[in-house]
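Undergrad: Pasting start_3.csv here (CSV, C-alpha atoms and all ligand atoms):
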```csv
chain,number,residue,atom,x,y,z
X,1,MET,CA,90.1,114.3,209.3
X,2,VAL,CA,87.6,111.5,208.7
X,3,GLU,CA,84.0,112.8,208.4
X,4,VAL,CA,81.7,110.2,210.1
X,5,LEU,CA,77.9,110.4,209.6
X,6,LEU,CA,76.4,108.5,212.5
X,7,VAL,CA,72.8,107.4,212.0
X,8,GLU,CA,71.5,106.2,215.4
X,9,ASP,CA,68.2,106.8,217.1
X,10,ASN,CA,69.3,105.4,220.5
X,11,PRO,CA,71.0,108.3,222.4
X,12,GLY,CA,73.0,105.9,224.6
X,13,ASP,CA,74.4,104.0,221.7
X,14,ALA,CA,75.2,107.2,219.8
X,15,ARG,CA,77.1,108.6,222.8
X,16,LEU,CA,79.0,105.4,223.2
X,17,ILE,CA,80.1,105.3,219.5
X,18,ALA,CA,81.1,109.0,219.6
X,19,GLU,CA,83.1,108.2,222.8
X,20,HIS,CA,84.9,105.3,221.1
X,21,LEU,CA,85.9,107.4,218.2
X,22,ARG,CA,87.1,110.2,220.4
X,23,GLU,CA,89.3,107.7,222.2
X,24,THR,CA,91.0,106.4,219.1
X,25,SER,CA,91.3,109.8,217.5
X,26,ASP,CA,94.9,110.7,216.9
X,27,LEU,CA,96.8,112.7,214.3
X,28,VAL,CA,96.4,110.0,211.6
X,29,ASN,CA,92.8,109.2,212.2
X,30,ASP,CA,91.0,112.2,213.5
X,31,TYR,CA,87.3,111.6,213.5
X,32,HIS,CA,84.6,114.3,213.2
X,33,VAL,CA,81.1,112.9,213.9
X,34,THR,CA,77.8,114.3,212.7
X,35,HIS,CA,74.9,112.6,214.4
X,36,VAL,CA,71.4,112.2,213.0
X,37,GLU,CA,68.6,109.9,214.2
X,38,ARG,CA,66.7,109.0,211.0
X,39,VAL,CA,67.5,107.9,207.5
X,40,ASP,CA,65.6,110.9,206.1
X,41,ASP,CA,68.0,113.2,208.0
X,42,ALA,CA,71.0,111.2,206.8
X,43,VAL,CA,69.9,111.5,203.2
X,44,ARG,CA,69.5,115.3,203.7
X,45,LYS,CA,73.0,115.5,205.1
X,46,LEU,CA,74.4,113.4,202.3
X,47,THR,CA,72.8,115.6,199.6
X,48,ASP,CA,73.5,119.0,201.1
X,49,GLY,CA,77.0,119.2,199.7
X,50,SER,CA,78.9,118.4,202.9
X,51,ARG,CA,81.7,115.8,202.8
X,52,VAL,CA,81.0,112.4,204.4
X,53,ASP,CA,83.7,109.7,204.3
X,54,ILE,CA,81.9,106.9,206.1
X,55,ILE,CA,78.3,106.2,207.3
X,56,LEU,CA,77.9,104.3,210.6
X,57,SER,CA,74.2,103.3,210.8
X,58,ASP,CA,72.0,101.4,213.1
X,59,ILE,CA,70.3,98.6,211.2
X,60,SER,CA,66.9,99.3,212.6
X,61,LEU,CA,65.9,103.0,212.6
X,62,PRO,CA,62.5,104.6,213.3
X,63,ASP,CA,61.8,105.2,209.5
X,64,SER,CA,63.7,102.3,207.9
X,65,ALA,CA,65.5,99.0,208.4
X,66,GLY,CA,68.3,96.9,206.8
X,67,GLU,CA,68.3,96.8,203.0
X,68,ASP,CA,65.9,99.7,202.7
X,69,THR,CA,68.2,101.9,204.8
X,70,LEU,CA,71.1,100.8,202.5
X,71,ILE,CA,69.1,101.6,199.3
X,72,ALA,CA,68.2,105.0,200.6
X,73,LEU,CA,71.8,105.9,201.7
X,74,ASN,CA,73.2,104.5,198.4
X,75,ARG,CA,70.8,106.5,196.4
X,76,ALA,CA,71.9,109.7,198.1
X,77,ALA,CA,75.6,109.0,198.0
X,78,LYS,CA,76.7,105.8,196.1
X,79,GLU,CA,80.4,106.4,196.7
X,80,VAL,CA,80.2,106.6,200.5
X,81,PRO,CA,80.8,103.3,202.4
X,82,VAL,CA,78.3,102.1,204.9
X,83,ILE,CA,78.9,100.1,208.1
X,84,PHE,CA,75.8,98.8,210.0
X,85,MET,CA,75.6,98.4,213.7
X,86,THR,CA,73.3,95.6,214.9
X,87,GLY,CA,72.0,94.1,218.1
X,88,THR,CA,72.7,90.4,218.6
X,89,ASN,CA,69.1,89.7,217.5
X,90,ASP,CA,69.2,91.4,214.1
X,91,GLU,CA,72.5,90.1,212.8
X,92,GLY,CA,70.6,88.4,209.9
X,93,LEU,CA,69.5,91.7,208.6
X,94,ALA,CA,73.0,93.0,208.5
X,95,VAL,CA,74.3,89.9,206.7
X,96,SER,CA,71.8,90.4,203.9
X,97,ALA,CA,72.7,94.2,203.8
X,98,ILE,CA,76.3,93.1,203.2
X,99,HIS,CA,75.2,91.0,200.3
X,100,LYS,CA,73.6,94.1,198.8
X,101,GLY,CA,76.7,96.2,199.1
X,102,ALA,CA,77.2,97.4,202.7
X,103,GLN,CA,80.9,97.3,203.6
X,104,ASP,CA,80.7,95.7,207.1
X,105,TYR,CA,78.7,95.3,210.2
X,106,LEU,CA,79.6,95.5,213.9
X,107,VAL,CA,77.6,94.0,216.8
X,108,LYS,CA,76.8,96.5,219.4
X,109,GLY,CA,78.2,95.6,222.8
X,110,ARG,CA,81.2,94.1,221.1
X,111,ILE,CA,82.5,97.4,219.8
X,112,ASP,CA,85.5,99.1,221.1
X,113,GLY,CA,87.6,102.0,219.8
X,114,GLU,CA,90.2,99.8,218.1
X,115,ILE,CA,87.6,97.6,216.3
X,116,LEU,CA,85.7,100.6,215.2
X,117,ALA,CA,88.8,102.4,213.8
X,118,ARG,CA,89.9,99.3,211.9
X,119,ALA,CA,86.5,98.7,210.5
X,120,ILE,CA,86.2,102.3,209.3
X,121,GLN,CA,89.7,102.3,207.7
X,122,TYR,CA,89.1,99.0,205.9
X,123,ALA,CA,85.6,100.1,204.7
X,124,ILE,CA,86.9,103.3,203.3
X,125,GLU,CA,89.8,101.5,201.5
X,126,ARG,CA,87.6,98.7,200.2
X,127,LYS,CA,85.0,101.2,198.9
X,128,LYS,CA,87.7,103.3,197.2
X,129,PHE,CA,88.9,100.2,195.4
X,130,GLN,CA,85.4,99.2,194.5
X,131,ASN,CA,84.7,102.7,193.1
X,132,GLN,CA,87.8,102.6,191.0
X,133,LEU,CA,86.8,99.1,189.8
X,134,ASN,CA,83.3,100.3,188.9
X,135,GLU,CA,84.8,103.3,187.0
X,136,ALA,CA,87.1,101.0,185.1
X,137,VAL,CA,84.2,98.7,184.2
X,138,THR,CA,82.1,101.6,183.1
X,139,ARG,CA,85.0,102.9,181.0
X,140,ALA,CA,85.5,99.5,179.4
X,141,ARG,CA,81.8,99.2,178.7
X,142,LEU,CA,81.7,102.7,177.1
X,143,ALA,CA,84.8,101.8,175.0
X,144,SER,CA,83.2,98.6,173.8
X,145,GLN,CA,80.0,100.5,172.9
X,146,ARG,CA,82.0,103.1,171.0
X,147,ALA,CA,83.9,100.3,169.2
X,148,GLU,CA,80.5,98.7,168.2
X,149,LEU,CA,79.3,102.1,167.0
X,150,LEU,CA,82.4,102.7,164.9
X,151,ASP,CA,82.1,99.2,163.5
X,152,SER,CA,78.5,99.8,162.4
X,153,GLN,CA,79.4,103.2,161.0
X,154,LYS,CA,82.3,101.6,159.1
X,155,ARG,CA,79.9,98.9,157.7
X,156,GLN,CA,77.5,101.7,156.7
X,157,LEU,CA,80.3,103.7,154.9
X,158,ILE,CA,81.5,100.6,153.1
X,159,LYS,CA,77.9,100.0,151.9
X,160,LEU,CA,77.6,103.7,150.8
X,161,ASN,CA,80.9,103.5,149.0
X,162,ARG,CA,79.9,100.4,147.2
X,163,SER,CA,76.6,102.1,146.0
X,164,LYS,CA,78.7,105.1,144.9
X,165,ASP,CA,81.0,102.8,142.9
X,166,ASP,CA,77.9,101.1,141.4
X,167,PHE,CA,76.4,104.4,140.6
X,168,ILE,CA,79.5,105.7,138.8
X,169,SER,CA,79.8,102.4,136.9
X,170,ILE,CA,76.2,102.2,135.8
X,171,ALA,CA,76.0,106.0,134.9
X,172,SER,CA,79.3,105.8,132.9
X,173,HIS,CA,78.1,102.7,131.0
X,174,GLN,CA,74.8,104.4,130.2
X,175,LEU,CA,76.7,107.5,129.0
X,176,ARG,CA,79.3,105.7,126.9
X,177,THR,CA,76.9,104.1,124.4
X,178,PRO,CA,75.2,107.3,123.3
X,179,ALA,CA,78.5,109.2,123.3
X,180,THR,CA,80.1,106.6,121.1
X,181,ALA,CA,77.1,106.8,118.7
X,182,VAL,CA,77.5,110.6,118.5
X,183,LYS,CA,81.2,110.1,117.6
X,184,GLN,CA,80.3,107.7,114.8
X,185,TYR,CA,77.6,110.0,113.4
X,186,VAL,CA,79.8,113.2,113.5
X,187,GLY,CA,82.6,111.1,111.9
X,188,MET,CA,80.3,110.1,109.1
X,189,PHE,CA,79.4,113.8,108.5
X,190,LEU,CA,83.0,114.8,108.5
X,191,GLU,CA,83.9,112.1,105.9
X,192,GLY,CA,81.2,113.3,103.6
X,193,TYR,CA,78.8,110.3,103.9
X,194,VAL,CA,75.8,112.5,103.9
X,195,GLY,CA,76.8,115.0,101.2
X,196,GLU,CA,79.4,117.6,100.9
X,197,VAL,CA,80.4,119.6,104.0
X,198,SER,CA,81.5,123.2,103.6
X,199,PRO,CA,84.7,124.4,105.3
X,200,ASP,CA,82.7,126.3,107.9
X,201,GLN,CA,80.6,123.3,108.7
X,202,GLN,CA,83.8,121.1,108.8
X,203,GLU,CA,85.3,123.4,111.4
X,204,ILE,CA,82.3,123.2,113.7
X,205,LEU,CA,82.0,119.4,113.2
X,206,LYS,CA,85.7,119.0,114.1
X,207,LYS,CA,85.1,120.9,117.3
X,208,ALA,CA,82.1,118.7,118.1
X,209,TYR,CA,84.2,115.6,117.3
X,210,LYS,CA,87.0,116.8,119.7
X,211,SER,CA,84.5,117.6,122.5
X,212,ASN,CA,82.9,114.3,122.1
X,213,GLU,CA,86.3,112.5,122.3
X,214,ARG,CA,87.1,114.4,125.5
X,215,GLN,CA,83.8,113.3,126.9
X,216,LEU,CA,84.5,109.7,126.1
X,217,THR,CA,87.9,109.9,127.7
X,218,VAL,CA,86.4,111.1,131.0
X,219,ILE,CA,83.7,108.5,130.9
X,220,ASN,CA,86.3,105.7,130.3
X,221,GLU,CA,88.4,107.0,133.1
X,222,LEU,CA,85.4,107.1,135.5
X,223,LEU,CA,84.5,103.5,134.4
X,224,LYS,CA,88.1,102.4,134.9
X,225,THR,CA,88.2,103.9,138.4
X,226,ALA,CA,84.9,102.3,139.4
X,227,GLN,CA,86.0,99.0,138.1
X,228,LEU,CA,89.3,99.1,140.0
X,229,ASP,CA,87.6,100.3,143.2
X,230,ALA,CA,85.0,97.5,143.1
X,231,ALA,CA,85.6,94.9,145.8
X,232,ASP,CA,85.3,92.0,143.3
X,233,PHE,CA,88.0,93.3,140.9
X,234,ARG,CA,90.5,90.5,140.1
X,235,LEU,CA,93.7,90.6,138.1
X,236,GLU,CA,94.3,87.9,135.4
X,237,MET,CA,97.9,87.0,136.0
X,238,ARG,CA,100.2,85.6,133.4
X,239,ASN,CA,103.7,86.2,132.1
X,240,CYS,CA,103.9,89.5,130.3
X,241,SER,CA,106.8,90.9,128.3
X,242,VAL,CA,107.2,94.4,129.8
X,243,ASN,CA,109.3,95.5,126.8
X,244,GLU,CA,106.6,94.5,124.4
X,245,LEU,CA,103.9,96.2,126.4
X,246,LEU,CA,105.9,99.4,126.4
X,247,ALA,CA,106.6,99.2,122.7
X,248,GLU,CA,102.8,98.8,122.1
X,249,SER,CA,102.1,101.8,124.2
X,250,LYS,CA,104.7,103.8,122.3
X,251,ALA,CA,103.2,102.7,119.0
X,252,ASP,CA,99.7,103.7,120.0
X,253,LEU,CA,101.0,107.1,121.0
X,254,ALA,CA,103.0,107.6,117.8
X,255,PRO,CA,100.4,110.0,116.1
X,256,MET,CA,100.5,112.3,119.2
X,257,LEU,CA,104.3,112.1,119.4
X,258,LYS,CA,104.6,112.9,115.7
X,259,LEU,CA,102.3,115.9,116.0
X,260,ARG,CA,104.3,117.3,118.9
X,261,GLU,CA,107.7,116.3,117.4
X,262,GLN,CA,108.6,114.4,120.5
X,263,ARG,CA,111.1,111.5,120.5
X,264,VAL,CA,111.0,108.4,122.7
X,265,THR,CA,114.2,106.6,123.4
X,266,PHE,CA,114.0,103.1,124.9
X,267,GLN,CA,116.7,101.2,126.8
X,268,LYS,CA,115.7,97.6,127.5
X,269,THR,CA,116.7,94.8,129.8
X,270,ASP,CA,116.6,91.2,128.4
X,271,ASP,CA,115.0,89.8,131.6
X,272,ASP,CA,111.6,91.5,131.1
X,273,LEU,CA,109.0,88.9,132.0
X,274,ALA,CA,106.7,90.1,134.8
X,275,LEU,CA,103.9,88.0,136.4
X,276,ALA,CA,101.1,90.5,135.8
X,277,ASP,CA,97.7,91.3,134.2
X,278,CYS,CA,99.1,92.3,130.8
X,279,ASP,CA,96.0,94.4,129.9
X,280,GLU,CA,96.1,96.4,133.1
X,281,LEU,CA,99.8,96.9,132.9
X,282,ARG,CA,99.4,98.2,129.3
X,283,LEU,CA,97.1,100.9,130.7
X,284,VAL,CA,99.7,101.9,133.3
X,285,PHE,CA,102.3,102.4,130.5
X,286,ASP,CA,99.8,104.1,128.2
X,287,ASN,CA,99.1,106.6,131.0
X,288,LEU,CA,102.6,107.3,132.0
X,289,LEU,CA,103.8,107.8,128.4
X,290,GLU,CA,100.8,110.0,127.5
X,291,ASN,CA,101.4,112.2,130.6
X,292,ALA,CA,105.1,112.5,129.7
X,293,SER,CA,104.1,113.7,126.3
X,294,LYS,CA,101.2,116.0,127.2
X,295,TYR,CA,103.1,117.7,130.1
X,296,SER,CA,106.2,118.4,127.8
X,297,GLU,CA,106.6,121.1,125.2
X,298,ASN,CA,106.9,120.2,121.6
X,299,GLY,CA,110.3,118.8,120.5
X,300,LYS,CA,111.2,117.3,123.9
X,301,ARG,CA,112.6,113.8,124.5
X,302,ILE,CA,111.1,111.0,126.6
X,303,ARG,CA,113.3,108.3,128.0
X,304,VAL,CA,111.9,104.9,128.8
X,305,SER,CA,114.0,102.2,130.4
X,306,THR,CA,113.6,98.7,131.9
X,307,MET,CA,116.1,97.2,134.3
X,308,SER,CA,115.9,94.0,136.2
X,309,ALA,CA,117.7,92.8,139.3
X,310,LYS,CA,117.0,90.7,142.4
X,311,GLY,CA,113.6,89.4,141.2
X,312,ILE,CA,112.3,93.0,140.4
X,313,ILE,CA,111.8,94.8,137.1
X,314,LYS,CA,112.2,98.5,137.3
X,315,ILE,CA,110.5,100.6,134.6
X,316,THR,CA,111.2,104.4,134.3
X,317,VAL,CA,109.5,107.0,132.2
X,318,ALA,CA,111.4,110.3,132.3
X,319,ASP,CA,110.4,113.5,130.5
X,320,GLN,CA,111.9,117.0,130.0
X,321,GLY,CA,108.5,118.6,130.7
X,322,VAL,CA,107.1,121.2,133.0
X,323,GLY,CA,107.7,119.1,136.2
X,324,ILE,CA,105.7,119.0,139.4
X,325,LYS,CA,106.2,121.2,142.5
X,326,GLN,CA,107.6,119.4,145.5
X,327,GLU,CA,104.5,120.1,147.6
X,328,ASP,CA,102.2,118.6,144.9
X,329,LEU,CA,104.2,115.3,144.6
X,330,GLY,CA,102.2,113.7,147.4
X,331,LEU,CA,98.8,114.7,145.8
X,332,ILE,CA,99.1,113.5,142.2
X,333,PHE,CA,98.1,109.9,142.9
X,334,ASP,CA,94.8,111.0,144.6
X,335,LYS,CA,91.5,110.8,142.9
X,336,PHE,CA,90.6,113.9,140.8
X,337,SER,CA,94.0,115.4,141.5
X,338,ARG,CA,94.7,117.9,138.8
X,339,VAL,CA,97.5,120.0,140.1
X,340,ASP,CA,98.5,123.3,138.7
X,341,ASN,CA,101.5,123.6,136.4
X,342,ALA,CA,102.6,125.8,133.5
X,343,MET,CA,100.6,123.7,131.0
X,344,SER,CA,97.5,122.7,133.0
X,345,SER,CA,95.3,125.4,131.4
X,346,THR,CA,95.9,124.0,127.9
X,347,VAL,CA,96.3,120.3,128.7
X,348,GLU,CA,93.1,118.3,129.3
X,349,GLY,CA,92.6,115.6,131.9
X,350,SER,CA,90.4,114.3,134.6
X,351,GLY,CA,92.9,113.9,137.4
X,352,LEU,CA,92.0,110.2,137.6
X,353,GLY,CA,94.8,108.6,135.5
X,354,LEU,CA,97.5,108.4,138.1
X,355,TYR,CA,95.0,107.3,140.8
X,356,TRP,CA,94.1,104.1,138.9
X,357,VAL,CA,97.8,103.7,137.7
X,358,LYS,CA,98.8,103.4,141.3
X,359,ARG,CA,95.9,101.2,142.1
X,360,ILE,CA,96.9,98.8,139.4
X,361,VAL,CA,100.5,98.8,140.5
X,362,ASP,CA,99.5,98.2,144.2
X,363,LEU,CA,97.3,95.3,143.1
X,364,HIS,CA,100.4,93.8,141.5
X,365,ASP,CA,102.4,94.2,144.8
X,366,GLY,CA,104.5,96.8,143.1
X,367,THR,CA,105.5,100.3,143.8
X,368,ILE,CA,105.3,103.6,141.9
X,369,ASP,CA,107.5,106.7,142.7
X,370,VAL,CA,108.0,110.0,141.2
X,371,GLU,CA,110.9,112.5,141.2
X,372,SER,CA,110.5,115.9,139.6
X,373,THR,CA,112.1,119.3,139.2
X,374,PRO,CA,109.8,122.1,138.0
X,375,GLY,CA,110.9,123.4,134.6
X,376,LYS,CA,113.3,120.4,134.1
X,377,GLY,CA,111.1,117.3,134.0
X,378,SER,CA,109.7,114.3,135.8
X,379,LYS,CA,110.7,110.7,136.2
X,380,PHE,CA,108.1,108.0,137.2
X,381,THR,CA,109.5,104.7,138.4
X,382,VAL,CA,107.5,101.5,138.6
X,383,CYS,CA,108.8,98.3,140.3
X,384,LEU,CA,107.1,95.0,139.8
X,385,PRO,CA,108.0,91.4,140.7
X,386,LEU,CA,109.6,89.4,137.8
X,387,ALA,CA,108.0,86.2,136.8
X,388,GLN,CA,109.7,83.1,138.4
X,389,ALA,CA,112.2,81.5,136.0
X,401,LIG,P1,95.4,114.2,134.4
X,401,LIG,O1,94.2,113.6,133.8
X,401,LIG,O2,95.1,115.6,135.0
X,401,LIG,O3,96.6,114.1,133.6
X,401,LIG,P2,96.7,112.3,136.2
X,401,LIG,O4,96.1,111.6,137.3
X,401,LIG,O5,97.3,111.5,135.1
X,401,LIG,O6,95.6,113.3,135.7
X,401,LIG,O7,97.8,113.3,136.7
X,401,LIG,C1,97.5,114.1,137.9
X,401,LIG,C2,98.3,115.4,137.8
X,401,LIG,O8,99.7,115.1,138.0
X,401,LIG,C3,98.2,116.1,136.5
X,401,LIG,O9,97.1,117.0,136.5
X,401,LIG,C4,99.5,116.9,136.4
X,401,LIG,O10,99.4,118.1,137.1
X,401,LIG,C5,100.5,116.0,137.1
X,401,LIG,N1,101.3,115.1,136.2
X,401,LIG,C6,101.1,113.8,135.9
X,401,LIG,N2,102.1,113.4,135.1
X,401,LIG,C7,103.0,114.4,134.9
X,401,LIG,C8,104.2,114.7,134.2
X,401,LIG,N3,104.7,113.7,133.5
X,401,LIG,N4,104.7,115.9,134.2
X,401,LIG,C9,104.2,116.9,134.9
X,401,LIG,N5,103.1,116.8,135.7
X,401,LIG,C10,102.4,115.6,135.7
```
So, in terms of structure tokens, how does the structure I just supplied come out?
Ligand code: ADP
TA:
Amino acid sequence: MVEVLLVEDNPGDARLIAEHLRETSDLVNDYHVTHVERVDDAVRKLTDGSRVDIILSDISLPDSAGEDTLIALNRAAKEVPVIFMTGTNDEGLAVSAIHKGAQDYLVKGRIDGEILARAIQYAIERKKFQNQLNEAVTRARLASQRAELLDSQKRQLIKLNRSKDDFISIASHQLRTPATAVKQYVGMFLEGYVGEVSPDQQEILKKAYKSNERQLTVINELLKTAQLDAADFRLEMRNCSVNELLAESKADLAPMLKLREQRVTFQKTDDDLALADCDELRLVFDNLLENASKYSENGKRIRVSTMSAKGIIKITVADQGVGIKQEDLGLIFDKFSRVDNAMSSTVEGSGLGLYWVKRIVDLHDGTIDVESTPGKGSKFTVCLPLAQA
């Protein structure tokens, strides 16, 4: 059933149109006509919730004409197509209404049932297509507005992130200088530069010295993180001997290893030149070795090895320590990721080391992986491109 709203003030014309529609009504196109005489009544009908599929309207009505009629009808029901009916003398009005969005116009006196039925069918189809097109355009416009909004939010977040990095960097710098001075002064006290220190005083000063060392470690880790997160961070690439860097890291860690009676074995490849920032790479090895030692009981063994093949050097640091639970393996490279293990209550750390270790490895186009069995130990594997021969 097609619901037709007929707006026609001439009773003769209205009767004729209704007659034509009745004539062509069949099972496919069954027309139901509601007849009103004025635009005001049409608007009321369109807004009272009843269904209207097509509006057939005289172009000149007692309360409105042409474009104004179209505007009023569209305002009431934008999605309903409008066909105007004109006399031969006001065809011009109808043409300009078409330009403003009316679907069609028919000249009275030249209308028959078939013409009317075809015009109605085309108008409904065309309007449906137009409505879909308008919806698509609106959706596209909304999507583009949303994309713009996201883009501006992203820019804002990048800016905020940068100020956060700057803040951490400046704050850590400001904290480091006085903390270093405290270390020197406490050290002078401990070494007796300002007179004899009693055993009780020594004990307290040693505690102060250790706390201060911890504080400096955290400040340095924060600084390193801010430095690596900064957009302008650049590596200084040259050929580095990975074996030498590992040997240096091991030598630096010797006092801790001795204290904990831990042994490091080292299996080396000859082909050990990586194209890298040697200072940054040294920090990676320092961190992996230090973790291997601090998360292992006294007396355990740490195995370090380098292997090279197919343009890649593979470095492994394996310990016999507490290990990492399977569900925590994906977390340990995140910022501030201290995960619980049997030793975490006694071992100190900031949870930043592995974050910047991975960052450095990523900047070198390398990879870092970890395998671990709780209670048995962990193995960290770093792969880096070898320097070109
Ligand atoms: P932290 O300063 O806490 O050592 P890291 O970023 O170096 O920070 O390490 C993150 C977490 O990963 C540690 O808190 C620890 O739980 C775990 N972890 C790192 N290395 C090892 C290891 N060799 N053995 C066991 N757990 C480790």
Undergrad: Go through the chains and note each residue within 9 Å of ligand LIG 401 (chain X), using all atoms listed in the file, then give the set as an NGL selection string.
TA: :X and (218 or 221 or 287-296 or 317-325 or 328-329 or 331-341 or 343-344 or 347-357 or 372 or 374 or 377-380)
Undergrad: So how many Å separate atom CA of Arg75 of chain X and atom CA of Asp63 of chain X, to one decimal?
TA: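 So the answer is 15.9 Å.
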Undergrad: So, counting only C-alpha atoms, which residue among X:Asp200, X:Gly192, X:Ala72, X:Val361 is closest to Leu46 of chain X?
TA: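 Residue with the minimum atom-to-atom distance to Leu46 of chain X: X:Ala72.
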Undergrad: Counting all atoms listed in the file, which of X:Leu257, X:Ile312, X:Ile219, X:Ile360 gets nearest to Val284 of chain X?
TA: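 Looking only at the distances to Val284 of chain X, the closest residue turns out to be X:Ile360.
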Undergrad: Tell me, in Å to one decimal, how far atom CA of Thr24 of chain X is from atom CA of Asn89 of chain X.
TA: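 Taking atom CA of Thr24 of chain X and atom CA of Asn89 of chain X, their separation equals 27.6 Å.
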Undergrad: Find the spatial neighbours of Asn29 of chain X, counting only C-alpha atoms, within a cut-off of 7 Å - ignore same-chain residues fewer than 4 positions away - and output them as a PDB file with C-alpha atoms, keeping the file's coordinate frame.
TA:
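Written output follows (selection-v1.pdb):
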```pdb
ATOM      1  CA  MET X   1      90.100 114.300 209.300  1.00  0.00           C
ATOM      2  CA  VAL X   2      87.600 111.500 208.700  1.00  0.00           C
ATOM      3  CA  SER X  25      91.300 109.800 217.500  1.00  0.00           C
TER       4      SER X  25
END
```
Undergrad: Which residue is closest to Ile313 of chain X? Choose from X:Ala274, X:Leu223, X:His20, X:Gln145 and count all atoms listed in the file.
TA: X:Ala274
Undergrad: Atom CA of Lys210 of chain X and atom CA of Thr177 of chain X, how far apart in Å?
TA: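 Between atom CA of Thr177 of chain X and atom CA of Lys210 of chain X the gap works out to 16.9 Å.
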Undergrad: Counting only C-alpha atoms, what are the residues of segment 198-314 of chain X within 9 Å of segment 150-166 of chain X, and for each of them which pair of atoms is the nearest and at what distance in Å, to one decimal? Sort the table by chain and rising number, as CSV.
TA:
```
residue,atom,partner,partner_atom,distance
X:Thr225,CA,X:Asp165,CA,8.6
X:Ala226,CA,X:Asp165,CA,5.3
X:Gln227,CA,X:Asp165,CA,7.9
X:Asp229,CA,X:Asp165,CA,7.1
X:Ala230,CA,X:Asp165,CA,6.6
X:Ala231,CA,X:Arg162,CA,8.0
```
Undergrad: Please identify all polymer residues within 12 Å of Gly92 of chain X, counting only C-alpha atoms, omitting same-chain residues fewer than 5 positions from it, and present them as a list in words.
TA: Ile59, Ser60, Ala65, Gly66, Glu67, Phe84, Met85, Thr86, Gly87, Ala97, Ile98, His99, Tyr105 and Val107 of chain X
Undergrad: Measuring between all atoms listed in the file, which one of X:Tyr209, X:Phe189, X:Tyr31, X:Phe266 shows the shortest distance to Ile120 of chain X?
TA: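 When distances to Ile120 of chain X are compared using all atoms listed in the file, the smallest one comes from X:Tyr31.
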Undergrad: List the spatial neighbours of Ala102 of chain X as a PyMOL selection string - criterion: any atom at most 12 Å away, all atoms listed in the file, same-chain residues fewer than 5 positions off excluded.
TA: chain X and resi 54-57+59+66-74+78-85+93-97+123-124+126-127+130
Undergrad: Go ahead and dump the residues you just picked, C-alpha atoms, as a PDB file, keeping the file's coordinate frame.
TA:
```
ATOM      1  CA  ILE X  54      81.900 106.900 206.100  1.00  0.00           C
ATOM      2  CA  ILE X  55      78.300 106.200 207.300  1.00  0.00           C
ATOM      3  CA  LEU X  56      77.900 104.300 210.600  1.00  0.00           C
ATOM      4  CA  SER X  57      74.200 103.300 210.800  1.00  0.00           C
ATOM      5  CA  ILE X  59      70.300  98.600 211.200  1.00  0.00           C
ATOM      6  CA  GLY X  66      68.300  96.900 206.800  1.00  0.00           C
ATOM      7  CA  GLU X  67      68.300  96.800 203.000  1.00  0.00           C
ATOM      8  CA  ASP X  68      65.900  99.700 202.700  1.00  0.00           C
ATOM      9  CA  THR X  69      68.200 101.900 204.800  1.00  0.00           C
ATOM     10  CA  LEU X  70      71.100 100.800 202.500  1.00  0.00           C
ATOM     11  CA  ILE X  71      69.100 101.600 199.300  1.00  0.00           C
ATOM     12  CA  ALA X  72      68.200 105.000 200.600  1.00  0.00           C
ATOM     13  CA  LEU X  73      71.800 105.900 201.700  1.00  0.00           C
ATOM     14  CA  ASN X  74      73.200 104.500 198.400  1.00  0.00           C
ATOM     15  CA  LYS X  78      76.700 105.800 196.100  1.00  0.00           C
ATOM     16  CA  GLU X  79      80.400 106.400 196.700  1.00  0.00           C
ATOM     17  CA  VAL X  80      80.200 106.600 200.500  1.00  0.00           C
ATOM     18  CA  PRO X  81      80.800 103.300 202.400  1.00  0.00           C
ATOM     19  CA  VAL X  82      78.300 102.100 204.900  1.00  0.00           C
ATOM     20  CA  ILE X  83      78.900 100.100 208.100  1.00  0.00           C
ATOM     21  CA  PHE X  84      75.800  98.800 210.000  1.00  0.00           C
ATOM     22  CA  MET X  85      75.600  98.400 213.700  1.00  0.00           C
ATOM     23  CA  LEU X  93      69.500  91.700 208.600  1.00  0.00           C
ATOM     24  CA  ALA X  94      73.000  93.000 208.500  1.00  0.00           C
ATOM     25  CA  VAL X  95      74.300  89.900 206.700  1.00  0.00           C
ATOM     26  CA  SER X  96      71.800  90.400 203.900  1.00  0.00           C
ATOM     27  CA  ALA X  97      72.700  94.200 203.800  1.00  0.00           C
ATOM     28  CA  ALA X 123      85.600 100.100 204.700  1.00  0.00           C
ATOM     29  CA  ILE X 124      86.900 103.300 203.300  1.00  0.00           C
ATOM     30  CA  ARG X 126      87.600  98.700 200.200  1.00  0.00           C
ATOM     31  CA  LYS X 127      85.000 101.200 198.900  1.00  0.00           C
ATOM     32  CA  GLN X 130      85.400  99.200 194.500  1.00  0.00           C
TER      33      GLN X 130
END
```
Undergrad: With all atoms listed in the file as the atoms that count, which of X:Thr269, X:Gln202, X:Thr373, X:Thr381 lies nearest to Thr316 of chain X?
TA: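 Of all the options, X:Thr381 lies closest to Thr316 of chain X.
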Undergrad: Which is closest to Asp270 of chain X among X:Asp286, X:Glu244, X:Asp104, X:Glu327, if we use all atoms listed in the file?
TA: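 Under the stated criterion, the closest residue is X:Glu244.
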Undergrad: Could you give me, as a list in words, the residues within 9 Å of Asn10 of chain X, counting all atoms listed in the file and dropping anything in the same chain fewer than 2 positions from it?
TA: Glu8, Gly12, Asp13, Ala14, Arg15, Glu37, Asp58 and Leu61 of chain X
Undergrad: Using all atoms listed in the file, which residues sit within 10 Å of Ser308 of chain X once same-chain residues fewer than 5 positions away are excluded, as a list in words?
TA: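 The residues satisfying every condition are Lys268, Thr269, Asp270, Asp271, Asp272, Leu273, Ile313, Lys314, Ile315, Cys383, Leu384, Pro385 and Leu386 of chain X.
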